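**Student:** This is final05.pdb (PDB, C-alpha atoms, pLDDT in the B column).
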ATOM      1  CA  MET A  28     155.980  70.257  82.898  1.00 46.00           C
ATOM      2  CA  GLU A  29     157.153  73.825  83.470  1.00 43.00           C
ATOM      3  CA  LYS A  30     154.445  75.095  81.105  1.00 41.00           C
ATOM      4  CA  ARG A  31     151.709  73.275  83.092  1.00 42.00           C
ATOM      5  CA  ILE A  32     152.967  74.797  86.337  1.00 39.00           C
ATOM      6  CA  PHE A  33     153.014  78.236  84.710  1.00 39.00           C
ATOM      7  CA  TYR A  34     149.452  77.871  83.364  1.00 39.00           C
ATOM      8  CA  ARG A  35     148.128  76.605  86.726  1.00 40.00           C
ATOM      9  CA  THR A  36     149.835  79.477  88.546  1.00 40.00           C
ATOM     10  CA  ALA A  37     148.410  82.006  86.091  1.00 41.00           C
ATOM     11  CA  LEU A  38     144.940  80.492  86.472  1.00 35.00           C
ATOM     12  CA  VAL A  39     145.097  80.699  90.280  1.00 36.00           C
ATOM     13  CA  ILE A  40     146.245  84.307  90.119  1.00 37.00           C
ATOM     14  CA  GLY A  41     143.488  85.151  87.617  1.00 42.00           C
ATOM     15  CA  ILE A  42     140.758  83.634  89.797  1.00 30.00           C
ATOM     16  CA  ALA A  43     142.122  85.427  92.850  1.00 39.00           C
ATOM     17  CA  LEU A  44     142.050  88.754  91.005  1.00 39.00           C
ATOM     18  CA  PHE A  45     138.479  88.102  89.794  1.00 36.00           C
ATOM     19  CA  ILE A  46     137.226  87.264  93.288  1.00 33.00           C
ATOM     20  CA  ASN A  47     138.996  90.267  94.744  1.00 42.00           C
ATOM     21  CA  GLY A  48     137.424  92.494  92.064  1.00 41.00           C
ATOM     22  CA  CYS A  49     133.944  91.284  93.025  1.00 41.00           C
ATOM     23  CA  LYS A  50     134.362  92.191  96.670  1.00 41.00           C
ATOM     24  CA  PRO A  51     132.720  95.328  98.055  1.00 43.00           C
ATOM     25  CA  GLU A  52     134.862  98.426  98.539  1.00 48.00           C
ATOM     26  CA  CYS A  53     135.644  97.363 102.078  1.00 53.00           C
ATOM     27  CA  ASP A  54     135.107  94.188 104.075  1.00 53.00           C
ATOM     28  CA  ASN A  55     134.036  95.556 107.443  1.00 52.00           C
ATOM     29  CA  CYS A  56     132.459  98.927 106.777  1.00 58.00           C
ATOM     30  CA  SER A  57     128.930 100.254 106.236  1.00 67.00           C
ATOM     31  CA  VAL A  58     127.165 103.508 105.480  1.00 71.00           C
ATOM     32  CA  ASP A  59     124.187 104.627 107.543  1.00 80.00           C
ATOM     33  CA  ALA A  60     122.600 107.452 105.559  1.00 84.00           C
ATOM     34  CA  THR A  61     119.161 109.066 105.331  1.00 89.00           C
ATOM     35  CA  THR A  62     117.479 110.193 102.110  1.00 93.00           C
ATOM     36  CA  THR A  63     114.347 112.371 102.155  1.00 96.00           C
ATOM     37  CA  LEU A  64     112.103 113.555  99.325  1.00 97.00           C
ATOM     38  CA  ASN A  65     109.653 116.407  99.928  1.00 98.00           C
ATOM     39  CA  ILE A  66     106.959 116.671  97.255  1.00 98.00           C
ATOM     40  CA  VAL A  67     105.488 120.172  96.954  1.00 97.00           C
ATOM     41  CA  PRO A  68     102.199 120.482  95.006  1.00 98.00           C
ATOM     42  CA  GLU A  69     101.864 123.975  93.539  1.00 97.00           C
ATOM     43  CA  ILE A  70     100.396 126.097  90.770  1.00 97.00           C
ATOM     44  CA  ASP A  71     103.253 127.800  88.938  1.00 97.00           C
ATOM     45  CA  GLY A  72     105.074 128.487  92.178  1.00 95.00           C
ATOM     46  CA  LYS A  73     101.974 129.330  94.227  1.00 95.00           C
ATOM     47  CA  ALA A  74     101.257 127.189  97.267  1.00 96.00           C
ATOM     48  CA  ILE A  75      98.000 125.252  97.402  1.00 96.00           C
ATOM     49  CA  GLU A  76      95.419 127.227  99.409  1.00 96.00           C
ATOM     50  CA  LYS A  77      92.242 125.237  99.742  1.00 96.00           C
ATOM     51  CA  GLY A  78      89.037 126.805  98.399  1.00 96.00           C
ATOM     52  CA  LYS A  79      90.519 130.107  97.197  1.00 97.00           C
ATOM     53  CA  PHE A  80      89.908 131.342  93.636  1.00 97.00           C
ATOM     54  CA  ILE A  81      93.485 132.516  93.164  1.00 97.00           C
ATOM     55  CA  TYR A  82      94.590 130.324  90.264  1.00 97.00           C
ATOM     56  CA  GLN A  83      94.177 130.575  86.512  1.00 96.00           C
ATOM     57  CA  ASN A  84      95.004 127.858  83.993  1.00 97.00           C
ATOM     58  CA  ALA A  85      96.250 128.192  80.423  1.00 96.00           C
ATOM     59  CA  ALA A  86      92.686 128.030  79.093  1.00 97.00           C
ATOM     60  CA  GLY A  87      91.752 131.097  81.161  1.00 96.00           C
ATOM     61  CA  ASN A  88      89.694 129.294  83.823  1.00 96.00           C
ATOM     62  CA  THR A  89      89.830 130.964  87.241  1.00 97.00           C
ATOM     63  CA  PHE A  90      89.663 128.133  89.735  1.00 97.00           C
ATOM     64  CA  SER A  91      90.023 126.946  93.300  1.00 98.00           C
ATOM     65  CA  ILE A  92      91.458 123.688  94.615  1.00 98.00           C
ATOM     66  CA  LEU A  93      89.583 121.553  97.121  1.00 97.00           C
ATOM     67  CA  ASN A  94      91.511 118.308  96.936  1.00 96.00           C
ATOM     68  CA  VAL A  95      94.690 116.861  95.449  1.00 98.00           C
ATOM     69  CA  GLU A  96      95.513 113.186  96.031  1.00 98.00           C
ATOM     70  CA  PHE A  97      98.020 111.117  94.098  1.00 98.00           C
ATOM     71  CA  TYR A  98     100.451 108.203  94.176  1.00 98.00           C
ATOM     72  CA  LEU A  99     104.137 107.849  93.481  1.00 98.00           C
ATOM     73  CA  SER A 100     105.564 104.342  93.150  1.00 98.00           C
ATOM     74  CA  ASP A 101     108.890 102.608  92.475  1.00 97.00           C
ATOM     75  CA  VAL A 102     110.689 105.585  93.989  1.00 97.00           C
ATOM     76  CA  TYR A 103     114.490 105.447  93.625  1.00 96.00           C
ATOM     77  CA  ALA A 104     117.527 107.581  94.307  1.00 95.00           C
ATOM     78  CA  LEU A 105     119.604 106.336  91.408  1.00 94.00           C
ATOM     79  CA  PRO A 106     121.772 104.534  90.689  1.00 92.00           C
ATOM     80  CA  ASN A 107     120.736 101.880  93.252  1.00 83.00           C
ATOM     81  CA  LEU A 108     118.819 103.125  96.303  1.00 89.00           C
ATOM     82  CA  GLN A 109     115.102 102.280  96.554  1.00 92.00           C
ATOM     83  CA  LEU A 110     113.215 104.768  98.727  1.00 94.00           C
ATOM     84  CA  SER A 111     109.625 103.488  98.522  1.00 95.00           C
ATOM     85  CA  THR A 112     107.510 100.851  96.805  1.00 96.00           C
ATOM     86  CA  TYR A 113     104.579 103.269  96.690  1.00 97.00           C
ATOM     87  CA  GLN A 114     103.198 106.194  98.644  1.00 97.00           C
ATOM     88  CA  TYR A 115      99.810 107.897  98.811  1.00 98.00           C
ATOM     89  CA  MET A 116     100.046 111.690  98.977  1.00 98.00           C
ATOM     90  CA  SER A 117      97.496 114.395  99.812  1.00 97.00           C
ATOM     91  CA  SER A 118      97.740 118.195  99.669  1.00 96.00           C
ATOM     92  CA  THR A 119      95.690 118.395 102.878  1.00 94.00           C
ATOM     93  CA  ASN A 120      98.022 116.090 104.840  1.00 96.00           C
ATOM     94  CA  PRO A 121     101.626 117.379 104.753  1.00 95.00           C
ATOM     95  CA  ALA A 122     102.969 114.236 106.444  1.00 96.00           C
ATOM     96  CA  THR A 123     102.037 112.196 103.363  1.00 97.00           C
ATOM     97  CA  LEU A 124     104.093 114.464 101.082  1.00 98.00           C
ATOM     98  CA  GLN A 125     107.413 113.223 102.440  1.00 97.00           C
ATOM     99  CA  ILE A 126     109.232 110.029 101.517  1.00 97.00           C
ATOM    100  CA  LYS A 127     112.006 109.216 103.963  1.00 93.00           C
ATOM    101  CA  ARG A 128     114.380 106.267 104.005  1.00 88.00           C
ATOM    102  CA  ASP A 129     116.264 106.180 107.293  1.00 79.00           C
ATOM    103  CA  ALA A 130     119.620 104.597 108.009  1.00 62.00           C
ATOM    104  CA  VAL A 131     120.216 102.876 104.708  1.00 62.00           C
ATOM    105  CA  ARG A 132     123.144 100.529 105.322  1.00 61.00           C
ATOM    106  CA  PHE A 133     125.486  99.560 102.515  1.00 61.00           C
ATOM    107  CA  SER A 134     128.688  97.525 102.639  1.00 62.00           C
ATOM    108  CA  ALA A 135     130.582 100.341 100.993  1.00 69.00           C
ATOM    109  CA  SER A 136     132.476 103.462 101.934  1.00 73.00           C
ATOM    110  CA  SER A 137     129.765 105.780 100.534  1.00 81.00           C
ATOM    111  CA  ILE A 138     126.452 105.989  98.642  1.00 85.00           C
ATOM    112  CA  MET A 139     126.198 107.860  95.355  1.00 90.00           C
ATOM    113  CA  VAL A 140     122.996 109.636  94.214  1.00 94.00           C
ATOM    114  CA  ASP A 141     122.617 111.567  90.959  1.00 96.00           C
ATOM    115  CA  THR A 142     118.981 111.126  89.883  1.00 98.00           C
ATOM    116  CA  ILE A 143     115.561 110.810  91.495  1.00 98.00           C
ATOM    117  CA  ALA A 144     113.225 108.494  89.596  1.00 98.00           C
ATOM    118  CA  PHE A 145     109.660 107.329  90.184  1.00 98.00           C
ATOM    119  CA  VAL A 146     106.398 106.358  88.545  1.00 98.00           C
ATOM    120  CA  PHE A 147     103.657 108.973  88.716  1.00 98.00           C
ATOM    121  CA  GLY A 148     100.824 106.594  89.502  1.00 97.00           C
ATOM    122  CA  ILE A 149     100.904 102.961  90.545  1.00 97.00           C
ATOM    123  CA  ALA A 150     103.386 100.597  88.891  1.00 96.00           C
ATOM    124  CA  ALA A 151     101.781  97.933  86.702  1.00 94.00           C
ATOM    125  CA  ASN A 152     102.481  94.998  89.022  1.00 94.00           C
ATOM    126  CA  MET A 153     100.489  96.688  91.823  1.00 95.00           C
ATOM    127  CA  ASN A 154      97.781  98.444  89.791  1.00 95.00           C
ATOM    128  CA  THR A 155      95.253  95.628  90.094  1.00 92.00           C
ATOM    129  CA  HIS A 156      92.190  94.987  92.219  1.00 88.00           C
ATOM    130  CA  ASN A 157      93.397  94.796  95.838  1.00 89.00           C
ATOM    131  CA  GLY A 158      96.960  95.283  94.614  1.00 93.00           C
ATOM    132  CA  LEU A 159      97.762  97.690  97.459  1.00 95.00           C
ATOM    133  CA  ASP A 160      97.431  97.372 101.220  1.00 95.00           C
ATOM    134  CA  ALA A 161      93.804  97.416 102.364  1.00 93.00           C
ATOM    135  CA  THR A 162      93.935 100.845 104.029  1.00 95.00           C
ATOM    136  CA  VAL A 163      91.081 103.342 103.982  1.00 96.00           C
ATOM    137  CA  VAL A 164      92.907 105.773 101.697  1.00 95.00           C
ATOM    138  CA  ASN A 165      93.860 103.038  99.222  1.00 96.00           C
ATOM    139  CA  GLN A 166      90.309 101.727  99.124  1.00 94.00           C
ATOM    140  CA  ASN A 167      89.007 105.253  98.558  1.00 95.00           C
ATOM    141  CA  MET A 168      91.404 105.609  95.623  1.00 96.00           C
ATOM    142  CA  GLU A 169      90.177 102.492  93.816  1.00 95.00           C
ATOM    143  CA  TRP A 170      89.410 103.000  90.138  1.00 94.00           C
ATOM    144  CA  HIS A 171      85.843 102.315  88.939  1.00 84.00           C
ATOM    145  CA  ASP A 172      84.930 103.766  85.557  1.00 65.00           C
ATOM    146  CA  GLY A 173      82.085 101.480  84.495  1.00 57.00           C
ATOM    147  CA  THR A 174      84.305  99.491  82.133  1.00 56.00           C
ATOM    148  CA  GLN A 175      87.152  98.447  84.400  1.00 55.00           C
ATOM    149  CA  ASP A 176      87.063  97.237  87.986  1.00 58.00           C
ATOM    150  CA  GLY A 177      90.615  97.188  89.190  1.00 72.00           C
ATOM    151  CA  GLY A 178      93.571  99.359  89.937  1.00 93.00           C
ATOM    152  CA  TYR A 179      93.674 102.787  91.497  1.00 96.00           C
ATOM    153  CA  HIS A 180      93.407 106.486  90.757  1.00 97.00           C
ATOM    154  CA  PHE A 181      96.850 107.891  90.052  1.00 98.00           C
ATOM    155  CA  LEU A 182      95.503 111.377  90.708  1.00 98.00           C
ATOM    156  CA  ARG A 183      92.427 113.140  92.038  1.00 98.00           C
ATOM    157  CA  PHE A 184      92.590 116.889  91.411  1.00 98.00           C
ATOM    158  CA  GLU A 185      89.282 118.575  92.265  1.00 98.00           C
ATOM    159  CA  GLY A 186      87.800 122.001  92.861  1.00 97.00           C
ATOM    160  CA  LEU A 187      85.563 124.720  91.410  1.00 97.00           C
ATOM    161  CA  TYR A 188      85.947 127.159  88.527  1.00 97.00           C
ATOM    162  CA  LYS A 189      84.274 130.463  87.755  1.00 96.00           C
ATOM    163  CA  VAL A 190      81.669 130.771  85.024  1.00 92.00           C
ATOM    164  CA  ILE A 191      80.526 134.195  83.770  1.00 85.00           C
ATOM    165  CA  ASP A 192      76.926 134.973  84.792  1.00 76.00           C
ATOM    166  CA  SER A 193      76.549 131.593  86.448  1.00 80.00           C
ATOM    167  CA  THR A 194      77.273 129.770  89.662  1.00 87.00           C
ATOM    168  CA  ASP A 195      80.669 128.161  90.179  1.00 95.00           C
ATOM    169  CA  LYS A 196      81.031 124.745  88.569  1.00 96.00           C
ATOM    170  CA  ALA A 197      82.943 121.696  89.714  1.00 97.00           C
ATOM    171  CA  TYR A 198      85.851 120.119  87.870  1.00 97.00           C
ATOM    172  CA  ALA A 199      87.384 116.709  88.601  1.00 97.00           C
ATOM    173  CA  ILE A 200      90.674 115.649  87.013  1.00 97.00           C
ATOM    174  CA  HIS A 201      90.677 111.922  87.763  1.00 97.00           C
ATOM    175  CA  PHE A 202      93.626 110.153  86.178  1.00 97.00           C
ATOM    176  CA  GLY A 203      94.518 106.471  86.066  1.00 96.00           C
ATOM    177  CA  ARG A 204      94.957 103.209  84.097  1.00 94.00           C
ATOM    178  CA  THR A 205      98.238 101.348  83.791  1.00 94.00           C
ATOM    179  CA  PRO A 206      99.051 102.363  80.159  1.00 94.00           C
ATOM    180  CA  ASN A 207      98.974 106.010  81.257  1.00 95.00           C
ATOM    181  CA  GLN A 208     101.461 105.786  84.128  1.00 95.00           C
ATOM    182  CA  VAL A 209     104.381 108.200  83.734  1.00 97.00           C
ATOM    183  CA  LEU A 210     108.036 107.437  84.465  1.00 97.00           C
ATOM    184  CA  ILE A 211     109.682 110.552  85.888  1.00 98.00           C
ATOM    185  CA  LYS A 212     113.482 110.952  85.981  1.00 98.00           C
ATOM    186  CA  LEU A 213     114.912 114.072  87.608  1.00 98.00           C
ATOM    187  CA  PRO A 214     118.704 114.487  87.350  1.00 98.00           C
ATOM    188  CA  LEU A 215     120.282 116.339  90.270  1.00 98.00           C
ATOM    189  CA  ASP A 216     122.691 119.224  89.688  1.00 96.00           C
ATOM    190  CA  LYS A 217     125.609 116.886  90.413  1.00 97.00           C
ATOM    191  CA  ARG A 218     126.417 113.452  91.808  1.00 96.00           C
ATOM    192  CA  TYR A 219     126.119 113.508  95.592  1.00 96.00           C
ATOM    193  CA  GLU A 220     128.233 111.234  97.778  1.00 92.00           C
ATOM    194  CA  LEU A 221     126.735 110.255 101.143  1.00 89.00           C
ATOM    195  CA  THR A 222     129.137 109.042 103.760  1.00 85.00           C
ATOM    196  CA  ASN A 223     128.301 107.634 107.187  1.00 82.00           C
ATOM    197  CA  ASN A 224     125.589 109.485 109.161  1.00 84.00           C
ATOM    198  CA  GLN A 225     124.936 112.004 106.391  1.00 90.00           C
ATOM    199  CA  SER A 226     121.501 112.951 105.047  1.00 92.00           C
ATOM    200  CA  LEU A 227     120.348 114.018 101.596  1.00 95.00           C
ATOM    201  CA  THR A 228     117.132 116.059 101.257  1.00 97.00           C
ATOM    202  CA  VAL A 229     115.547 116.764  97.876  1.00 98.00           C
ATOM    203  CA  ASP A 230     112.576 119.112  97.421  1.00 98.00           C
ATOM    204  CA  ILE A 231     110.510 118.338  94.313  1.00 98.00           C
ATOM    205  CA  ALA A 232     107.826 120.648  92.907  1.00 98.00           C
ATOM    206  CA  PHE A 233     104.678 119.078  91.474  1.00 98.00           C
ATOM    207  CA  ASN A 234     103.223 121.791  89.234  1.00 98.00           C
ATOM    208  CA  LEU A 235      99.532 121.041  88.757  1.00 98.00           C
ATOM    209  CA  ALA A 236      99.280 123.891  86.241  1.00 98.00           C
ATOM    210  CA  GLN A 237     101.453 121.861  83.868  1.00 97.00           C
ATOM    211  CA  LEU A 238      98.899 119.046  83.901  1.00 97.00           C
ATOM    212  CA  LEU A 239      96.456 121.488  82.306  1.00 97.00           C
ATOM    213  CA  ARG A 240      98.837 123.366  80.010  1.00 96.00           C
ATOM    214  CA  GLU A 241     100.986 121.552  77.477  1.00 95.00           C
ATOM    215  CA  PRO A 242     101.457 119.934  75.098  1.00 96.00           C
ATOM    216  CA  VAL A 243      97.629 120.008  75.144  1.00 97.00           C
ATOM    217  CA  THR A 244      95.649 122.677  77.025  1.00 98.00           C
ATOM    218  CA  ILE A 245      92.748 121.467  79.152  1.00 97.00           C
ATOM    219  CA  ASP A 246      89.713 123.739  79.511  1.00 98.00           C
ATOM    220  CA  PHE A 247      87.478 122.844  82.453  1.00 97.00           C
ATOM    221  CA  SER A 248      84.399 124.152  80.648  1.00 95.00           C
ATOM    222  CA  LYS A 249      84.903 121.685  77.803  1.00 96.00           C
ATOM    223  CA  LEU A 250      85.408 118.548  79.864  1.00 95.00           C
ATOM    224  CA  PRO A 251      82.658 115.938  80.157  1.00 92.00           C
ATOM    225  CA  ILE A 252      81.190 115.337  83.611  1.00 88.00           C
ATOM    226  CA  SER A 253      83.403 112.267  84.016  1.00 90.00           C
ATOM    227  CA  ILE A 254      86.730 111.729  82.238  1.00 94.00           C
ATOM    228  CA  MET A 255      87.609 108.353  83.758  1.00 93.00           C
ATOM    229  CA  SER A 256      86.502 106.310  80.732  1.00 90.00           C
ATOM    230  CA  ASN A 257      87.697 108.897  78.186  1.00 94.00           C
ATOM    231  CA  ASP A 258      90.914 107.482  76.730  1.00 94.00           C
ATOM    232  CA  SER A 259      91.894 110.619  74.827  1.00 96.00           C
ATOM    233  CA  ILE A 260      91.722 112.865  77.905  1.00 97.00           C
ATOM    234  CA  GLN A 261      93.550 110.289  80.030  1.00 96.00           C
ATOM    235  CA  GLN A 262      96.338 110.230  77.439  1.00 97.00           C
ATOM    236  CA  ILE A 263      96.501 114.045  77.373  1.00 98.00           C
ATOM    237  CA  ILE A 264      96.982 114.143  81.149  1.00 98.00           C
ATOM    238  CA  SER A 265      99.682 111.476  80.868  1.00 98.00           C
ATOM    239  CA  LYS A 266     101.598 113.483  78.251  1.00 98.00           C
ATOM    240  CA  ASN A 267     101.248 116.744  80.164  1.00 98.00           C
ATOM    241  CA  ALA A 268     102.409 115.084  83.396  1.00 98.00           C
ATOM    242  CA  ALA A 269     105.795 114.216  81.885  1.00 97.00           C
ATOM    243  CA  ASP A 270     107.007 117.759  82.684  1.00 97.00           C
ATOM    244  CA  ALA A 271     105.016 118.405  85.869  1.00 98.00           C
ATOM    245  CA  PHE A 272     107.786 117.514  88.337  1.00 98.00           C
ATOM    246  CA  SER A 273     111.041 119.421  88.857  1.00 98.00           C
ATOM    247  CA  ILE A 274     113.867 119.641  91.390  1.00 98.00           C
ATOM    248  CA  GLN A 275     113.534 122.699  93.667  1.00 97.00           C
ATOM    249  CA  HIS A 276     116.368 122.276  96.136  1.00 97.00           C
ATOM    250  CA  VAL A 277     118.982 119.734  97.202  1.00 97.00           C
ATOM    251  CA  MET A 278     120.768 119.703 100.541  1.00 97.00           C
ATOM    252  CA  LEU A 279     123.465 117.345 101.779  1.00 95.00           C
ATOM    253  CA  GLN A 280     124.424 117.509 105.437  1.00 92.00           C
TER     254      GLN A 280
END
Could you render the structure from this file as structure tokens?

**Tutor:**
Amino acid sequence: MEKRIFYRTALVIGIALFINGCKPECDNCSVDATTTLNIVPEIDGKAIEKGKFIYQNAAGNTFSILNVEFYLSDVYALPNLQLSTYQYMSSTNPATLQIKRDAVRFSASSIMVDTIAFVFGIAANMNTHNGLDATVVNQNMEWHDGTQDGGYHFLRFEGLYKVIDSTDKAYAIHFGRTPNQVLIKLPLDKRYELTNNQSLTVDIAFNLAQLLREPVTIDFSKLPISIMSNDSIQQIISKNAADAFSIQHVMLQ
């Protein structure tokens, strides 16, 4: 009889400890914190200046930039804070280059952030015909390559490049297709702890020169008129993009 009482008491204590261990850090507290990502398109540290022939790629092409549009999706401040499902970004519209999550409330004493992670492009579950909201910019970014009707451009990078003894020629780096999406993970310099009413701001460089540089160099003069249906070039851009993003600055206040 004594043994049964002992076992029942031990069981009750064990369940109580388990339930208590599953509780949040505090019962009646929350954290209101803001996290902001600023994406900065650049060419090896140079700001994007529309229409100016001030850039040179690894292949030696002197070029200008007229337009840069792209998507980031499944944007997270790891380990557990989602910042955005997807966002369209444009070099000509600075407001689109910021992802901001205001007043994130957690039943905890603080929020920890040590890595920024996102998909360069549109995540597979959304990269379908009409998979995104029916806005003008999303509709303009739809992907049509003659063989596939569905999904969206991950990137439009367009401009002109110089040709010796000839008029300037156009280039168009159009990148897409679900198999080519790139998962980017950017560890911060340390683990940041956000307490109530604090804000974390992370500046991230998007180096377009890297898209053209390595591991495979892209020469504008050797590209076909359209690269959308060219699997090998799409795969090259995907591989090059793996190292195109980097942390510039982190500020907690």

**Student:** I'd like to know which of A:Leu124, A:Val190, A:Ile252, A:Val209 is closest to A:Val95, using only C-alpha atoms.

**Tutor:**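 Smallest distance to A:Val95 is found for A:Leu124.
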
**Student:** Taking 2 positions as the minimum chain separation for residues in the same chain, which residues sit within 10 Å of A:Gln109 when counting only C-alpha atoms? Answer as a PDB file with C-alpha atoms, keeping the file's coordinate frame.

**Tutor:**
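And here's out.pdb as it stands now:
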ATOM      1  CA  THR A  62     117.479 110.193 102.110  1.00 93.00           C
ATOM      2  CA  ASP A 101     108.890 102.608  92.475  1.00 97.00           C
ATOM      3  CA  VAL A 102     110.689 105.585  93.989  1.00 97.00           C
ATOM      4  CA  TYR A 103     114.490 105.447  93.625  1.00 96.00           C
ATOM      5  CA  ALA A 104     117.527 107.581  94.307  1.00 95.00           C
ATOM      6  CA  LEU A 105     119.604 106.336  91.408  1.00 94.00           C
ATOM      7  CA  PRO A 106     121.772 104.534  90.689  1.00 92.00           C
ATOM      8  CA  ASN A 107     120.736 101.880  93.252  1.00 83.00           C
ATOM      9  CA  SER A 111     109.625 103.488  98.522  1.00 95.00           C
ATOM     10  CA  THR A 112     107.510 100.851  96.805  1.00 96.00           C
ATOM     11  CA  ARG A 128     114.380 106.267 104.005  1.00 88.00           C
ATOM     12  CA  VAL A 131     120.216 102.876 104.708  1.00 62.00           C
ATOM     13  CA  ILE A 143     115.561 110.810  91.495  1.00 98.00           C
ATOM     14  CA  ALA A 144     113.225 108.494  89.596  1.00 98.00           C
ATOM     15  CA  PHE A 145     109.660 107.329  90.184  1.00 98.00           C
TER      16      PHE A 145
END

**Student:** I'd like the residues picked by the PyMOL selection byres ((chain A and resi 259-263) around 12) written out as an MDAnalysis selection string, using the chain letters and numbers from the file.

**Tutor:** chainID A and resid 180:182 200:209 237:247 249:251 253:258 264:269

**Student:** For the selection you just gave me, I'd like the residues written to a file as a short mmCIF file (atom, residue, chain, number, x, y, z; two decimals), in the coordinates of the input, keeping C-alpha atoms.

**Tutor:**
data_model
loop_
_atom_site.label_atom_id
_atom_site.label_comp_id
_atom_site.auth_asym_id
_atom_site.auth_seq_id
_atom_site.Cartn_x
_atom_site.Cartn_y
_atom_site.Cartn_z
CA HIS A 180 93.41 106.49 90.76
CA PHE A 181 96.85 107.89 90.05
CA LEU A 182 95.50 111.38 90.71
CA ILE A 200 90.67 115.65 87.01
CA HIS A 201 90.68 111.92 87.76
CA PHE A 202 93.63 110.15 86.18
CA GLY A 203 94.52 106.47 86.07
CA ARG A 204 94.96 103.21 84.10
CA THR A 205 98.24 101.35 83.79
CA PRO A 206 99.05 102.36 80.16
CA ASN A 207 98.97 106.01 81.26
CA GLN A 208 101.46 105.79 84.13
CA VAL A 209 104.38 108.20 83.73
CA GLN A 237 101.45 121.86 83.87
CA LEU A 238 98.90 119.05 83.90
CA LEU A 239 96.46 121.49 82.31
CA ARG A 240 98.84 123.37 80.01
CA GLU A 241 100.99 121.55 77.48
CA PRO A 242 101.46 119.93 75.10
CA VAL A 243 97.63 120.01 75.14
CA THR A 244 95.65 122.68 77.03
CA ILE A 245 92.75 121.47 79.15
CA ASP A 246 89.71 123.74 79.51
CA PHE A 247 87.48 122.84 82.45
CA LYS A 249 84.90 121.68 77.80
CA LEU A 250 85.41 118.55 79.86
CA PRO A 251 82.66 115.94 80.16
CA SER A 253 83.40 112.27 84.02
CA ILE A 254 86.73 111.73 82.24
CA MET A 255 87.61 108.35 83.76
CA SER A 256 86.50 106.31 80.73
CA ASN A 257 87.70 108.90 78.19
CA ASP A 258 90.91 107.48 76.73
CA ILE A 264 96.98 114.14 81.15
CA SER A 265 99.68 111.48 80.87
CA LYS A 266 101.60 113.48 78.25
CA ASN A 267 101.25 116.74 80.16
CA ALA A 268 102.41 115.08 83.40
CA ALA A 269 105.80 114.22 81.89
#

**Student:** Smallest atom-to-atom distance to A:Ile231: which of A:Asp160, A:Asp195, A:Glu169, A:Glu69, using only C-alpha atoms?

**Tutor:** A:Glu69

**Student:** Care to translate the PyMOL selection byres ((chain A and resi 215) around 9) into actual residues of this file, as a ChimeraX atom specification?

**Tutor:** /A:140-143,213-214,216-219,229,274,277

**Student:** Choose the residue, out of A:Gln225, A:Asn152, A:Ser118, A:Thr123, that has the smallest atom-to-atom separation from A:Glu76; count all atoms listed in the file.

**Tutor:** A:Ser118

**Student:** I'd like the interatomic distance between atom CA of A:Glu185 and atom CA of A:Asn120, to a tenth of an Å.

**Tutor:**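 The value is 15.5 Å.
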
**Student:** With only C-alpha atoms as the atoms that count, which of A:Trp170, A:Val58, A:Leu64, A:Phe147 lies nearest to A:Gln275?

**Tutor:**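 Under the stated criterion, the closest residue is A:Leu64.
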
**Student:** For A:Phe80, which residue out of A:Ile149, A:Lys189, A:Asn65, A:Ile138 is the nearest one, using all atoms listed in the file?

**Tutor:**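 Among the listed residues, the smallest separation from A:Phe80 belongs to A:Lys189.
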
**Student:** Under the rule that all atoms listed in the file are counted, which of A:Ala199, A:Ser193, A:Asn157, A:Ser100 is the nearest residue to A:Tyr179?

**Tutor:** A:Asn157

**Student:** Record the distance separating atom CA of A:Ser226 and atom CA of A:Asp59, expressed in Å with one decimal.

**Tutor:**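 These two atoms are separated by 9.1 Å.
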
**Student:** In Å to one decimal, how far is atom CA of A:Phe90 from atom CA of A:Asp192?

**Tutor:** 15.3 Å

**Student:** Mind telling me what the PyMOL selection byres ((chain A and resi 116) around 9) catches here, as number ranges by chain?

**Tutor:** A: 66, 95-99, 114-115, 117-125

**Student:** Would you mind listing what lies within 10 Å of A:Gln280 as a list in words, with all atoms listed in the file counted and same-chain residues fewer than 4 positions away left out?

**Tutor:**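 Selected residues are Thr61, Leu221, Thr222, Asn224, Gln225, Ser226, Leu227 and Thr228 of chain A.
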
**Student:** Excluding same-chain residues fewer than 5 positions from A:Tyr82, what lies within 10 Å of it counting only C-alpha atoms, as a PyMOL selection string?

**Tutor:** chain A and resi 70-71+73+75-76+87-92+188+236

**Student:** Please complete stretch 138-142 of chain A with N, CA, C and O atoms and give it back as a compact mmCIF listing (two decimals), in the coordinates of the input.

**Tutor:**
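Once written, selection34.txt looks like this:
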# COMPACT_ATOMS: atom_id res chain seq x y z
N ILE A 138 127.59 106.20 99.54
CA ILE A 138 126.45 105.99 98.64
C ILE A 138 126.42 107.14 97.66
O ILE A 138 126.53 108.31 98.05
N MET A 139 126.25 106.83 96.38
CA MET A 139 126.20 107.86 95.36
C MET A 139 124.75 108.05 94.89
O MET A 139 124.02 107.08 94.70
N VAL A 140 124.34 109.31 94.71
CA VAL A 140 123.00 109.64 94.21
C VAL A 140 123.12 110.74 93.18
O VAL A 140 123.71 111.79 93.46
N ASP A 141 122.57 110.52 91.98
CA ASP A 141 122.62 111.57 90.96
C ASP A 141 121.28 111.82 90.28
O ASP A 141 121.13 112.79 89.52
N THR A 142 120.28 110.97 90.54
CA THR A 142 118.98 111.13 89.88
C THR A 142 117.88 110.62 90.81
O THR A 142 118.06 109.60 91.49
